file work.csv (CSV, C-alpha atoms and all ligand atoms)
chain,number,residue,atom,x,y,z
A,207,THR,CA,0.0,0.0,0.0
A,208,ASN,CA,0.9,3.6,-0.5
A,209,ALA,CA,0.7,5.9,2.5
A,210,LEU,CA,0.4,8.8,0.1
A,211,GLU,CA,-0.3,9.1,-3.6
A,212,ILE,CA,-0.5,12.5,-5.1
A,213,LYS,CA,-1.2,13.0,-8.8
A,214,GLY,CA,-1.1,16.2,-10.8
A,215,LEU,CA,-1.4,18.5,-7.8
A,216,ARG,CA,-1.8,22.1,-8.7
A,217,LYS,CA,-2.3,25.1,-6.4
A,218,ILE,CA,-2.9,28.6,-7.5
A,219,TYR,CA,-3.3,31.0,-4.7
A,220,ARG,CA,-5.8,33.8,-4.8
A,221,GLY,CA,-4.0,36.6,-6.6
A,222,GLY,CA,-2.6,34.1,-9.2
A,223,LEU,CA,0.6,32.7,-7.7
A,224,VAL,CA,1.2,29.2,-8.9
A,225,ALA,CA,2.6,27.4,-5.9
A,226,LEU,CA,2.3,23.8,-7.3
A,227,LYS,CA,2.4,23.0,-11.0
A,228,GLY,CA,1.2,19.4,-11.3
A,229,LEU,CA,3.1,17.7,-8.5
A,230,ASP,CA,3.3,13.9,-8.4
A,231,LEU,CA,4.4,12.1,-5.3
A,232,THR,CA,4.1,8.6,-3.9
A,233,VAL,CA,5.2,7.6,-0.4
A,234,LYS,CA,5.1,3.9,0.5
A,235,GLU,CA,3.7,2.7,3.8
A,236,GLY,CA,6.4,2.5,6.5
A,237,ASP,CA,8.7,4.9,4.7
A,238,PHE,CA,10.6,7.8,6.3
A,239,TYR,CA,10.4,10.4,3.5
A,240,ALA,CA,11.9,13.8,3.2
A,241,LEU,CA,10.5,16.5,1.1
A,242,LEU,CA,13.6,18.8,0.6
A,243,GLY,CA,13.6,22.1,-1.1
A,244,PRO,CA,14.4,25.8,-0.8
A,245,ASN,CA,12.0,28.3,0.8
A,246,GLY,CA,9.0,29.0,-1.4
A,247,ALA,CA,9.3,25.7,-3.3
A,248,GLY,CA,5.8,24.5,-2.2
A,249,LYS,CA,6.5,22.2,0.8
A,250,SER,CA,4.1,23.8,3.2
A,251,THR,CA,1.4,24.1,0.5
A,252,THR,CA,1.7,20.4,-0.3
A,253,ILE,CA,1.4,19.5,3.4
A,254,GLY,CA,-1.4,22.0,3.9
A,255,ILE,CA,-3.4,20.3,1.1
A,256,ILE,CA,-2.8,16.8,2.4
A,257,SER,CA,-3.9,17.9,5.8
A,258,SER,CA,-7.0,19.7,4.4
A,259,LEU,CA,-5.9,23.1,5.7
A,260,VAL,CA,-5.4,24.4,2.2
A,261,ASN,CA,-7.7,23.8,-0.8
A,262,LYS,CA,-6.2,22.4,-3.9
A,263,THR,CA,-6.9,23.8,-7.3
A,264,GLU,CA,-6.5,20.5,-9.2
A,265,GLY,CA,-5.2,17.0,-8.9
A,266,SER,CA,-5.8,13.9,-6.6
A,267,VAL,CA,-4.6,13.1,-3.2
A,268,LYS,CA,-4.9,9.7,-1.6
A,269,VAL,CA,-3.9,8.7,1.9
A,270,PHE,CA,-3.8,4.9,2.5
A,271,GLY,CA,-6.1,4.7,-0.5
A,272,TYR,CA,-8.6,7.2,0.9
A,273,ASP,CA,-9.5,10.0,-1.4
A,274,LEU,CA,-9.2,13.5,0.0
A,275,ASP,CA,-12.2,14.6,-2.2
A,276,THR,CA,-14.6,11.9,-1.1
A,277,GLN,CA,-13.3,10.4,2.1
A,278,ILE,CA,-12.0,13.3,4.1
A,279,ASN,CA,-12.8,11.9,7.5
A,280,GLU,CA,-10.8,8.7,6.8
A,281,VAL,CA,-8.0,10.8,5.5
A,282,LYS,CA,-7.9,13.0,8.6
A,283,GLU,CA,-8.0,10.0,10.9
A,284,HIS,CA,-4.9,8.6,9.3
A,285,ILE,CA,-2.9,11.7,9.5
A,286,GLY,CA,-1.1,13.4,12.4
A,287,LEU,CA,0.2,16.9,11.5
A,288,VAL,CA,3.0,18.9,13.1
A,289,PRO,CA,2.7,22.3,11.5
A,290,GLN,CA,5.4,24.9,11.7
A,291,GLU,CA,3.5,27.4,13.8
A,292,PHE,CA,2.8,26.8,17.4
A,293,ASN,CA,-0.9,26.7,17.0
A,294,PHE,CA,-1.9,25.3,20.4
A,295,ASN,CA,-3.7,27.3,23.1
A,296,GLN,CA,-0.8,28.8,25.0
A,297,PHE,CA,-2.8,29.2,28.2
A,298,GLU,CA,-3.6,25.5,28.5
A,299,THR,CA,-1.3,23.2,30.3
A,300,VAL,CA,0.9,20.7,28.4
A,301,GLU,CA,-1.3,17.8,29.4
A,302,GLN,CA,-4.5,19.6,28.5
A,303,ILE,CA,-3.1,20.6,25.1
A,304,VAL,CA,-2.5,16.9,24.3
A,305,VAL,CA,-5.6,15.4,26.0
A,306,ASN,CA,-8.0,18.0,24.4
A,307,GLN,CA,-7.0,16.9,21.0
A,308,ALA,CA,-9.1,13.8,21.7
A,309,GLY,CA,-12.3,15.7,21.0
A,310,TYR,CA,-11.4,16.1,17.4
A,311,TYR,CA,-11.0,12.4,16.9
A,312,GLY,CA,-13.6,10.7,19.2
A,313,VAL,CA,-10.9,9.3,21.4
A,314,SER,CA,-12.2,8.8,25.0
A,315,ARG,CA,-10.9,11.0,27.8
A,316,LYS,CA,-9.5,8.0,29.6
A,317,LEU,CA,-7.6,6.7,26.6
A,318,ALA,CA,-6.5,10.2,25.8
A,319,ARG,CA,-5.0,10.6,29.3
A,320,GLU,CA,-3.2,7.3,29.0
A,321,ARG,CA,-1.8,8.1,25.6
A,322,ALA,CA,-0.9,11.7,26.6
A,323,GLU,CA,1.2,10.3,29.5
A,324,LYS,CA,2.9,7.7,27.2
A,325,TYR,CA,3.9,10.3,24.5
A,326,LEU,CA,4.8,13.1,26.9
A,327,ARG,CA,7.0,10.6,28.8
A,328,GLN,CA,8.7,9.5,25.5
A,329,LEU,CA,9.2,13.1,24.5
A,330,GLY,CA,10.6,14.1,27.8
A,331,LEU,CA,7.8,16.4,28.7
A,332,TRP,CA,5.9,14.6,31.4
A,333,GLU,CA,7.5,16.6,34.2
A,334,LYS,CA,6.2,19.7,32.4
A,335,ARG,CA,2.6,18.4,32.2
A,336,ASP,CA,1.2,21.1,34.5
A,337,GLU,CA,3.1,24.0,32.9
A,338,ARG,CA,1.3,26.3,30.5
A,339,GLY,CA,2.2,25.9,26.9
A,340,ARG,CA,3.5,29.5,26.6
A,341,THR,CA,6.2,28.9,29.3
A,342,LEU,CA,7.9,26.1,27.2
A,343,SER,CA,11.1,26.6,25.1
A,344,GLY,CA,10.8,26.4,21.3
A,345,GLY,CA,12.1,22.8,21.3
A,346,MET,CA,9.7,21.8,24.0
A,347,LYS,CA,6.8,23.4,22.1
A,348,ARG,CA,7.8,21.4,19.0
A,349,ARG,CA,7.8,18.1,21.0
A,350,LEU,CA,4.5,19.0,22.5
A,351,MET,CA,3.1,19.4,19.1
A,352,ILE,CA,4.4,15.9,18.2
A,353,ALA,CA,2.8,14.4,21.2
A,354,ARG,CA,-0.5,16.1,20.3
A,355,ALA,CA,-0.3,14.9,16.7
A,356,LEU,CA,0.1,11.3,17.9
A,357,LEU,CA,-2.8,11.3,20.2
A,358,HIS,CA,-5.2,9.6,17.8
A,359,GLU,CA,-2.4,7.2,16.7
A,360,PRO,CA,-2.3,8.1,13.0
A,361,LYS,CA,-0.5,5.8,10.6
A,362,LEU,CA,1.1,8.8,8.8
A,363,LEU,CA,2.9,11.6,10.7
A,364,ILE,CA,3.7,14.7,8.7
A,365,LEU,CA,6.1,17.3,10.1
A,366,ASP,CA,6.7,20.7,8.5
A,367,GLU,CA,10.3,21.7,9.3
A,368,PRO,CA,10.2,19.9,12.7
A,369,THR,CA,13.6,21.1,13.9
A,370,ALA,CA,13.5,24.7,12.7
A,371,GLY,CA,14.8,26.7,15.7
A,372,VAL,CA,15.6,23.7,17.7
A,373,ASP,CA,19.1,23.5,19.1
A,374,ILE,CA,21.4,20.6,18.1
A,375,GLU,CA,21.1,18.5,21.3
A,376,LEU,CA,17.3,18.5,21.2
A,377,ARG,CA,17.4,18.0,17.5
A,378,ARG,CA,19.2,14.7,18.0
A,379,SER,CA,16.8,13.5,20.6
A,380,MET,CA,13.9,14.4,18.4
A,381,TRP,CA,15.5,12.5,15.5
A,382,GLU,CA,15.9,9.5,17.7
A,383,PHE,CA,12.3,9.7,18.7
A,384,LEU,CA,11.1,9.9,15.1
A,385,THR,CA,13.3,7.0,14.1
A,386,ARG,CA,11.9,4.9,16.9
A,387,ILE,CA,8.3,5.5,16.0
A,388,ASN,CA,9.0,4.9,12.3
A,389,LYS,CA,10.5,1.5,13.3
A,390,GLN,CA,7.3,0.8,15.1
A,391,GLY,CA,5.4,1.2,11.8
A,392,ILE,CA,4.4,4.9,11.5
A,393,THR,CA,5.1,6.3,8.1
A,394,ILE,CA,6.8,9.7,8.4
A,395,ILE,CA,7.0,12.6,5.9
A,396,LEU,CA,9.0,15.6,6.9
A,397,THR,CA,9.9,18.8,5.1
A,398,THR,CA,13.2,20.3,5.5
A,399,HIS,CA,15.6,22.6,3.8
A,400,TYR,CA,18.6,20.9,5.5
A,401,LEU,CA,20.1,18.1,3.5
A,402,GLU,CA,21.8,16.9,6.6
A,403,GLU,CA,18.5,16.3,8.4
A,404,ALA,CA,17.2,14.3,5.5
A,405,GLU,CA,20.4,12.4,5.4
A,406,MET,CA,20.3,11.5,9.1
A,407,LEU,CA,16.7,10.3,9.0
A,408,CYS,CA,15.2,9.5,5.8
A,409,ARG,CA,15.2,6.5,3.5
A,410,ASN,CA,13.7,8.2,0.5
A,411,ILE,CA,13.7,11.8,-0.7
A,412,GLY,CA,11.8,14.1,-3.0
A,413,ILE,CA,13.4,17.3,-4.1
A,414,ILE,CA,10.9,20.0,-4.7
A,415,ASP,CA,11.6,23.2,-6.5
A,416,LYS,CA,9.3,25.8,-7.9
A,417,GLY,CA,6.2,23.7,-7.3
A,418,GLU,CA,7.5,20.5,-8.9
A,419,ILE,CA,9.3,17.3,-7.7
A,420,VAL,CA,12.5,17.6,-9.6
A,421,GLU,CA,14.1,14.4,-8.2
A,422,ASN,CA,12.6,11.4,-6.4
A,423,THR,CA,15.2,8.9,-5.2
A,424,THR,CA,16.6,7.0,-2.3
A,425,MET,CA,18.8,8.9,0.2
A,426,LYS,CA,21.7,6.4,-0.7
A,427,ALA,CA,21.5,7.1,-4.4
A,428,LEU,CA,21.4,10.8,-3.8
A,429,LEU,CA,24.4,10.8,-1.6
A,430,GLY,CA,26.3,8.7,-4.1
A,431,LYS,CA,25.8,11.4,-6.7
A,432,LEU,CA,27.0,14.3,-4.6
B,1,LIG,P1,7.8,26.3,1.3
B,1,LIG,O1,7.1,25.6,2.3
B,1,LIG,O2,8.6,25.3,0.4
B,1,LIG,O3,8.7,27.4,1.8
B,1,LIG,P2,5.3,27.4,0.5
B,1,LIG,O4,4.4,26.2,0.1
B,1,LIG,O5,5.1,28.0,1.8
B,1,LIG,O6,6.8,26.9,0.2
B,1,LIG,O7,5.1,28.5,-0.6
B,1,LIG,C1,5.1,28.2,-2.0
B,1,LIG,C2,4.7,29.5,-2.8
B,1,LIG,O8,3.4,29.9,-2.5
B,1,LIG,C3,5.6,30.7,-2.3
B,1,LIG,O9,5.8,31.5,-3.5
B,1,LIG,C4,4.7,31.4,-1.4
B,1,LIG,O10,5.1,32.8,-1.3
B,1,LIG,C5,3.4,31.2,-1.9
B,1,LIG,N1,2.3,31.2,-0.9
B,1,LIG,C6,2.3,30.4,0.3
B,1,LIG,N2,1.2,30.6,1.0
B,1,LIG,C7,0.5,31.6,0.3
B,1,LIG,C8,-0.8,32.2,0.5
B,1,LIG,N3,-1.5,32.0,1.6
B,1,LIG,N4,-1.2,33.1,-0.4
B,1,LIG,C9,-0.4,33.4,-1.5
B,1,LIG,N5,0.7,32.8,-1.8
B,1,LIG,C10,1.2,31.9,-0.9
B,2,LIG,P1,-6.8,29.7,20.6
B,2,LIG,O1,-7.1,30.7,19.5
B,2,LIG,O2,-7.1,30.2,22.0
B,2,LIG,O3,-5.5,29.0,20.4
B,2,LIG,P2,-8.3,27.7,19.1
B,2,LIG,O4,-9.7,27.5,19.1
B,2,LIG,O5,-7.5,28.1,18.0
B,2,LIG,O6,-8.0,28.6,20.4
B,2,LIG,O7,-7.6,26.3,19.6
B,2,LIG,C1,-8.0,25.7,20.8
B,2,LIG,C2,-7.3,24.3,20.8
B,2,LIG,O8,-7.9,23.5,19.8
B,2,LIG,C3,-5.9,24.5,20.6
B,2,LIG,O9,-5.2,24.1,21.8
B,2,LIG,C4,-5.5,23.5,19.5
B,2,LIG,O10,-4.7,22.5,20.0
B,2,LIG,C5,-6.8,22.9,19.1
B,2,LIG,N1,-7.1,23.1,17.6
B,2,LIG,C6,-7.5,24.2,17.0
B,2,LIG,N2,-7.7,24.1,15.7
B,2,LIG,C7,-7.3,22.8,15.5
B,2,LIG,C8,-7.3,22.0,14.3
B,2,LIG,N3,-7.6,22.5,13.1
B,2,LIG,N4,-6.9,20.7,14.4
B,2,LIG,C9,-6.6,20.2,15.6
B,2,LIG,N5,-6.6,20.9,16.7
B,2,LIG,C10,-7.0,22.2,16.7

call {"tool": "encode", "arguments": {"input": "work.csv", "output": "structure tokens", "more": "lines below"}}
Ligand code: ADP
Ligand code: ADP
result
Amino acid sequence: TNALEIKGLRKIYRGGLVALKGLDLTVKEGDFYALLGPNGAGKSTTIGIISSLVNKTEGSVKVFGYDLDTQINEVKEHIGLVPQEFNFNQFETVEQIVVNQAGYYGVSRKLARERAEKYLRQLGLWEKRDERGRTLSGGMKRRLMIARALLHEPKLLILDEPTAGVDIELRRSMWEFLTRINKQGITIILTTHYLEEAEMLCRNIGIIDKGEIVENTTMKALLGKL
């Protein structure tokens, strides 16, 4: 099965800017995939469309075979999104921010509390559970968003520039965490503009430039060419 299958994806923003010009992208189940490209290439737009935060202009998107146009609920259930912006309620506590996510997915409060504890522990945030979101460092906020994105146990985790602004120590522990959950079977797609990050983590890579995938290859093959 493919975790993600995108065909002919176009996005023209209001005002006429063409952000995606017929992008094709397939990511297999279990993969750890990097979408690498410079600022403005269309990474966030692509992720926004998959997560139904941005409307596409044309093209098809399937997540584990579910069509974004006709099976949006199934698509949403299978995806966990870690966006770039810290879009949680800064005045809630760390634990509340994660547990409250349950409401969007029909996860029971009891199960939500158990899972919140599990993921906050794994991400080194359990001791911070009673602190308000706004008091956390940037790296902690990023990890909090990962815990929140995992609450409904999606099969595909999508992270937009997950280590932007995160210092090198924390970056490593975040990489280790992501590698571990990928080994447990979660497909991961991340965007980055650091080749090094893609190199450390990913098996396959798509290089995006000016709204198109210009190269789609294994990390090994790419490194062999450089
Ligand atoms: P990346 O994530 O690779 O930096 P984006 O997907 O954010 O790229 O942006 C792709 C292009 O679309 C850029 O030219 C950007 O300026 C433009 N763009 C992004 N969001 C909007 C928007 N809401 N309205 C108009 N143009 C946008
Ligand atoms: P505020 O503006 O005070 O942050 P919001 O209504 O935007 O309040 O968000 C309240 C909570 O709901 C946030 O903590 C956030 O985690 C969650 N939330 C908001 N929008 C979404 C969404 N589209 N998907 C998932 N969670 C969301």

call {"tool": "residues_around", "arguments": {"input": "work.csv", "residues": "region 370-372 of chain A", "least_positions_apart": "4", "cutoff": "9 Å", "atoms": "only C-alpha atoms", "output": "ChimeraX atom specification"}}
result
/A:290,344-346,348,366,376-377,398

call {"tool": "atom_distance", "arguments": {"input": "work.csv", "atom1": "atom C1 of ligand LIG 2 (chain B)", "atom2": "CA of Glu367 (chain A)"}}
result
22.0 Å

call {"tool": "residues_around", "arguments": {"input": "work.csv", "residues": "Leu429 (chain A)", "least_positions_apart": "4", "cutoff": "12 Å", "atoms": "all atoms listed in the file", "output": "PyMOL selection string"}}
result
chain A and resi 401-402+404-406+408-411+423-425

call {"tool": "atom_distance", "arguments": {"input": "work.csv", "atom1": "CA of Leu362 (chain A)", "atom2": "CA of Pro289 (chain A)"}}
result
13.9 Å

call {"tool": "axis_aligned_box", "arguments": {"input": "work.csv", "around": "region 409-413 of chain A", "padding_each_side": "3 Å", "output": "lines of an AutoDock Vina configuration file"}}
result
center_x = 13.5
center_y = 11.9
center_z = -0.3
size_x = 9.4
size_y = 16.8
size_z = 13.6

call {"tool": "closest_residue", "arguments": {"input": "work.csv", "among": "A:Asn279, A:Thr341, A:Asn293, A:Thr207", "to": "ligand LIG 2 (chain B)", "atoms": "all atoms listed in the file"}}
result
A:Asn293

call {"tool": "residues_near_ligand", "arguments": {"input": "work.csv", "ligand": "ligand LIG 1 (chain B)", "cutoff": "6 Å", "atoms": "all atoms listed in the file", "output": "PyMOL selection string"}}
result
chain A and resi 219+223+225+244-251

call {"tool": "closest_residue", "arguments": {"input": "work.csv", "among": "A:Asp230, A:Glu320, A:Glu333, A:Glu235", "to": "Ser266 (chain A)", "atoms": "only C-alpha atoms"}}
result
A:Asp230

call {"tool": "residues_near_point", "arguments": {"input": "work.csv", "point": "(13.1, 18.6, 0.4)", "cutoff": "7 Å", "atoms": "all atoms listed in the file", "output": "ChimeraX atom specification"}}
result
/A:240-243,397-399,411-414

call {"tool": "residues_near_ligand", "arguments": {"input": "work.csv", "ligand": "ligand LIG 2 (chain B)", "cutoff": "6 Å", "atoms": "all atoms listed in the file", "output": "number ranges by chain"}}
result
A: 294-295, 303, 307

call {"tool": "residues_around", "arguments": {"input": "work.csv", "residues": "Leu259 (chain A)", "least_positions_apart": "2", "cutoff": "12 Å", "atoms": "all atoms listed in the file", "output": "list in words"}}
result
Ser250, Thr251, Thr252, Ile253, Gly254, Ile255, Ile256, Ser257, Asn261, Lys262, Leu274, Ile278, Lys282, Leu287 and Pro289 of chain A

call {"tool": "closest_residue", "arguments": {"input": "work.csv", "among": "A:Pro360, A:Gly214, A:Gly265, A:Gly312", "to": "Thr393 (chain A)", "atoms": "only C-alpha atoms"}}
result
A:Pro360

call {"tool": "atom_distance", "arguments": {"input": "work.csv", "atom1": "CA of Lys347 (chain A)", "atom2": "CA of Val300 (chain A)"}}
result
9.0 Å
